[in-house]
Structure formats: C-alpha cells, structure tokens
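First the structure, in the form of structure tokens, and then the observations on it.
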Amino acid sequence: MDSFDELRLNPSVRKGILSAGYHRPFPIQALAIGPLIDGKDLIGQAKAGSGKTLAFGIPLVQAVEGAVPRVQGLVLAPTRELAVQITLELQKIAAFTGIRIVTIYGGQSMGVQLDALRRGAHIVVGTPGRTIDHIRRGTLRLDSVRFVVLDEADVMLDMGFIDDVDYILGTTPKGRQTALFSATMPRSIIQLSQRYMADAVRVMVDEGEPSAETLEQFYARVERDQKLALLLDILSKENRKSAVVFCRTRHGTIRLAKELERRFHSVVSLHGDLTQNQRDHSMGLFRAGRADVLVATDVASRGLDIRQVDCVINYDVPEDPTVYFHRVGRTARAGDVGTSYTFVSRDESPDFARIAALAKVPIKPLREEDAAAPKPSLSSRGFRPWRHGRGERHRGNPRHFRRYR
C-alpha cells in the first residue's frame, strides 16, 4: 500500500489523516490497517516509533459510530504518558468525525475525568488501574465496546498488569474486535492473545532493534568521574535539535540535570518522584523545543513518541540488555535518523558486554582509546552468553575518532 487513499475510509476520517500530514503509510500501517478495517483480530509486532498508533487508530476511529452516544472503543496503555500521546494522535484522525475521546489515568484529578465521561465518550484511552477504578465506580461502562486495543502489551505484562487486563477484558462483549501491539512477543503475550482473540492475523515488522541505516550507535569507555566532561563535550559538538540522557536512578537524574543547568544548558528532567503535572510540564517544554535536553530514568524509555529527538545518550549502562534497545529507540523513530552514545565505566563493562552480544547492528567505539580497550568478558559476573548470538564488533570510523580526542 503506497497511500492511505487506497483504503476504504470514511471521507471524514480521510480528511483527518490528510490534515494531520500523513500521506504514505509505514510498513506496520500498510500491513495492519486493512485486516483491522475488515474486522479481524490482529497481533502486531513492531519496534518503538514504527507508527503503531496510526496502525490501530485509523481502523478504531473508522469503526466508531459518532451518532451512538456510548463507549465503543477502548485503548489500554501501560503508562499515563503513552495514554496521553495516543489520545493526541487519535484526536488528529478524528478531528472531522465528531467522535469524542477521553483519557483516564492515575495522577490526574478523578473529578476532571468524571466530568469528561459524563459529557460522553466514544473512545476511552486509559491505563489499567484507573480504568478499573472507573468500572468499579460505575462511571465507565464497556458493554457497548466493539474494538479493544492493547498497546505496548509486553510492557503492561512486565509492570504486573496482567490481572488488571484480564478483569477489564472480562467486562467487554465477547464479540468485540481485539488488536494487540507489542515490541516483543514473549510466551505470556501469546498466551494472552490465545485467551482473548480468535484467528488473529499476525503482523511482524522487524524485532525491535533500530537499523544501521537509521541509527548510528557508539560507545565510550570512561571512568564515572569523567562521564560529565564527555557528556558536555558531546552536547557541545553534536549538531542536534534535542537529546535524551538516560540515568539508572532518579537521584542520578536530578543531580545530572542540575549540573547541566549550571552550565547553561536548557534542561528538563523526568523521573518517578515528579507529580503528573510536573511530568506533563517537563514533556511540554521538551516537545515545544523550549528545553533541548531531557534527563530521564527509564520511565521515558518506552512508549513516548518524541519525534524531534536525534540523539540518545546512555549516561549509565542499563543492567537489563533489552532496556538499552528501548532507550535508543527514542531516536531514529518513524524513518528519521539518529545517533546514540553509551558511556561504559569499568564496573558497567559486563552489562555492556551483554548488550553488545545481543546487538545485530555494531555498536562502534567513539574514540581510538575505546577501540583499543580490552573487551570485557560476559562471564566476569557469572553471566552466561545469551542464545541470540553475538553481535559483530566494529573498529569504528577514524574520522569520527578525531572529533572526540
């Protein structure tokens, strides 16, 4: 499919798509939209930033009848940030349909959500916990739901929402249509789909790792007390619009943001200690370009679609290798290009070795001394090599070495 015009869309839906600036579908959209419009259940696997929201959003909006004043569509998302982001995308598609979309999530005033639900909603986008709160209060009825979407399903299961998802789906009609989207497909996801989906179409677009064509990845071996100096050097030399810097802990995030602010960088932070209003404010500044550096814990590594990010810096190496790929997936999204840098201290070397062993795209040394440094052993902390195979080591680009001598 080369154009959204090839789809059997209502004129008002097509107008919303064009008004939002969408013309050519991405692969996951080209593969998923048709079966979903035909009413089939679907399991979609694609990396972050591949266009999954539009892949389910267009069929969802198309399926809803604006003249019927009931909740007909439900989207479940693991985080409040993702729920808000999905709502914004759906509102673009539905701009000329008269369809009302309400977001419900923890951290926002219950009164605000109650008022929105009383005014009427055709589609509800929510996090599992707050959705259950409304169901039990009697303020959200799902007996007229025709279309359910589980977005970032693997994250919802990782966060312990499986029982909540079971409860919510149990309150929806058995004949509903269900779409499940996930970056990975562990056994638990397959089991979930078997319980709630019938003859689901399976759509797979890569396995979640950025490609060499869109994302260039570098690592630097540096002692912890030298990380700040290297970060400042990269931020000053990179020709970038904005950057996300990841830390392991909220205390490290707060401390680093303050250090960057002292050096006149426009910085916001995102971590678990912030209230929802503070998180919304930080993300609003960053998305609007009023802050060009976001320092974050892994609360921001999944589900946030921040299109202008062209640089991701792993100030701390994540212990879980899969988190690395989620982090660097914040850049090079939806066909854009980007760069990532990972700072590897001596004690983080085994964690980085596990990441490098899983990477299908080479993570290249940033400087000559990084290429010359001894490679850590996967077994230095008792780790066993992962069965996925080892990634190829790359000697790096000499021209890039000269930038960071």
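Following the order of the structure tokens, first chain is A, next is B, and so on, with residues numbered from 1 inside each chain and ligands from 1 in the order they appear.
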
* Which of region 168-371 of chain A fall in alpha helix (DSSP H), as a VMD selection string -> chain A and resid 168 to 170 187 to 196 227 to 237 250 to 262 276 to 287 321 to 328 349 to 358 368 to 371

* To do: Considering only C-alpha atoms, return as a ChimeraX atom specification whatever protein or nucleic-acid residues lie within 12 Å of Gly252 (chain A), sequence-local ones (same chain, fewer than 4 positions apart) excluded.
  => /A:224,228,245-248,256-259,269-271,295-297,315-316

Please produce an output containing C-alpha atoms for each residue in the selection, written as a JSON list (two decimals), in the first residue's frame.
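As a result, out.json now contains:
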[["chain", "number", "residue", "atom", "x", "y", "z"],
["A", 224, "ARG", "CA", 32.46, 7.53, 36.32],
["A", 228, "LEU", "CA", 30.11, 14.56, 32.85],
["A", 245, "VAL", "CA", 20.12, 11.43, 28.51],
["A", 246, "PHE", "CA", 19.32, 8.27, 30.48],
["A", 247, "CYS", "CA", 20.39, 7.57, 34.05],
["A", 248, "ARG", "CA", 19.74, 4.49, 36.16],
["A", 256, "LEU", "CA", 22.87, 15.44, 36.44],
["A", 257, "ALA", "CA", 20.08, 17.82, 35.40],
["A", 258, "LYS", "CA", 21.31, 20.33, 37.98],
["A", 259, "GLU", "CA", 24.90, 20.00, 36.74],
["A", 269, "SER", "CA", 14.09, 16.01, 33.93],
["A", 270, "LEU", "CA", 11.67, 13.09, 34.04],
["A", 271, "HIS", "CA", 11.61, 10.57, 36.88],
["A", 295, "VAL", "CA", 17.46, 13.81, 31.53],
["A", 296, "ALA", "CA", 15.38, 10.78, 32.43],
["A", 297, "THR", "CA", 15.16, 7.46, 34.16],
["A", 315, "TYR", "CA", 24.94, 8.12, 30.82],
["A", 316, "ASP", "CA", 24.55, 4.88, 32.78]]

* Asked: Which residue out of A:Pro350, A:Gly338, A:Ile355, A:Leu36 has the minimum interatomic distance to Glu216 (chain A) when only C-alpha atoms are used?
  ->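 Among A:Pro350, A:Gly338, A:Ile355, A:Leu36, it is A:Gly338 that comes nearest to Glu216 (chain A).
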
* **Coordinates-based distance that separates CA of Asp233 (chain A) from CA of Glu369 (chain A) (Å, one decimal)** =>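 Between CA of Glu369 (chain A) and CA of Asp233 (chain A) the gap works out to 16.2 Å.
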
* Distance criterion (only C-alpha atoms): nearest to Met204 (chain A) out of A:Asp133, A:Asp310, A:Val61, A:Ala183 ->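 Nearest candidate to Met204 (chain A) out of A:Asp133, A:Asp310, A:Val61, A:Ala183: A:Ala183.
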
* Asked: CA of Asp2 (chain A) and CA of Asp38 (chain A), how far apart in Å?
  ->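 About the pair CA of Asp38 (chain A) and CA of Asp2 (chain A): they are 18.7 Å apart.
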
* Leaving out Lys241 (chain A) and any residue of its chain fewer than 6 positions from it, which residues lie within 10 Å of it when counting only C-alpha atoms, given as a PyMOL selection string? -> chain A and resi 289+291-293+308-311

Would you mind exporting N, CA and C atoms of the selected residues as a PDB file, in the first residue's frame?
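File again.pdb, as written:
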ATOM      1  N   GLY A 289      10.297  22.440  22.253  1.00  0.00           N
ATOM      2  CA  GLY A 289      11.623  22.938  21.912  1.00  0.00           C
ATOM      3  C   GLY A 289      12.142  24.001  22.855  1.00  0.00           C
ATOM      4  N   ALA A 291      13.188  23.328  25.837  1.00  0.00           N
ATOM      5  CA  ALA A 291      14.307  22.654  26.503  1.00  0.00           C
ATOM      6  C   ALA A 291      14.878  21.677  25.491  1.00  0.00           C
ATOM      7  N   ASP A 292      16.195  21.659  25.360  1.00  0.00           N
ATOM      8  CA  ASP A 292      16.769  20.799  24.325  1.00  0.00           C
ATOM      9  C   ASP A 292      17.438  19.550  24.879  1.00  0.00           C
ATOM     10  N   VAL A 293      17.443  19.375  26.200  1.00  0.00           N
ATOM     11  CA  VAL A 293      17.975  18.167  26.814  1.00  0.00           C
ATOM     12  C   VAL A 293      16.960  17.647  27.831  1.00  0.00           C
ATOM     13  N   GLN A 308      11.287  14.816  17.687  1.00  0.00           N
ATOM     14  CA  GLN A 308      12.435  15.652  17.353  1.00  0.00           C
ATOM     15  C   GLN A 308      13.745  15.140  17.940  1.00  0.00           C
ATOM     16  N   VAL A 309      13.736  14.050  18.710  1.00  0.00           N
ATOM     17  CA  VAL A 309      14.967  13.566  19.337  1.00  0.00           C
ATOM     18  C   VAL A 309      15.890  12.973  18.284  1.00  0.00           C
ATOM     19  N   ASP A 310      17.104  13.523  18.175  1.00  0.00           N
ATOM     20  CA  ASP A 310      18.051  12.950  17.227  1.00  0.00           C
ATOM     21  C   ASP A 310      19.316  12.451  17.914  1.00  0.00           C
ATOM     22  N   CYS A 311      19.324  12.444  19.245  1.00  0.00           N
ATOM     23  CA  CYS A 311      20.494  11.956  19.980  1.00  0.00           C
ATOM     24  C   CYS A 311      20.050  11.365  21.315  1.00  0.00           C
TER      25      CYS A 311
END

* **Long-range neighbours of Phe161 (chain A) as a PyMOL selection string, 10 Å cut-off, only C-alpha atoms, 5 positions minimum in chain** => chain A and resi 78+127-129+153-156+166-167
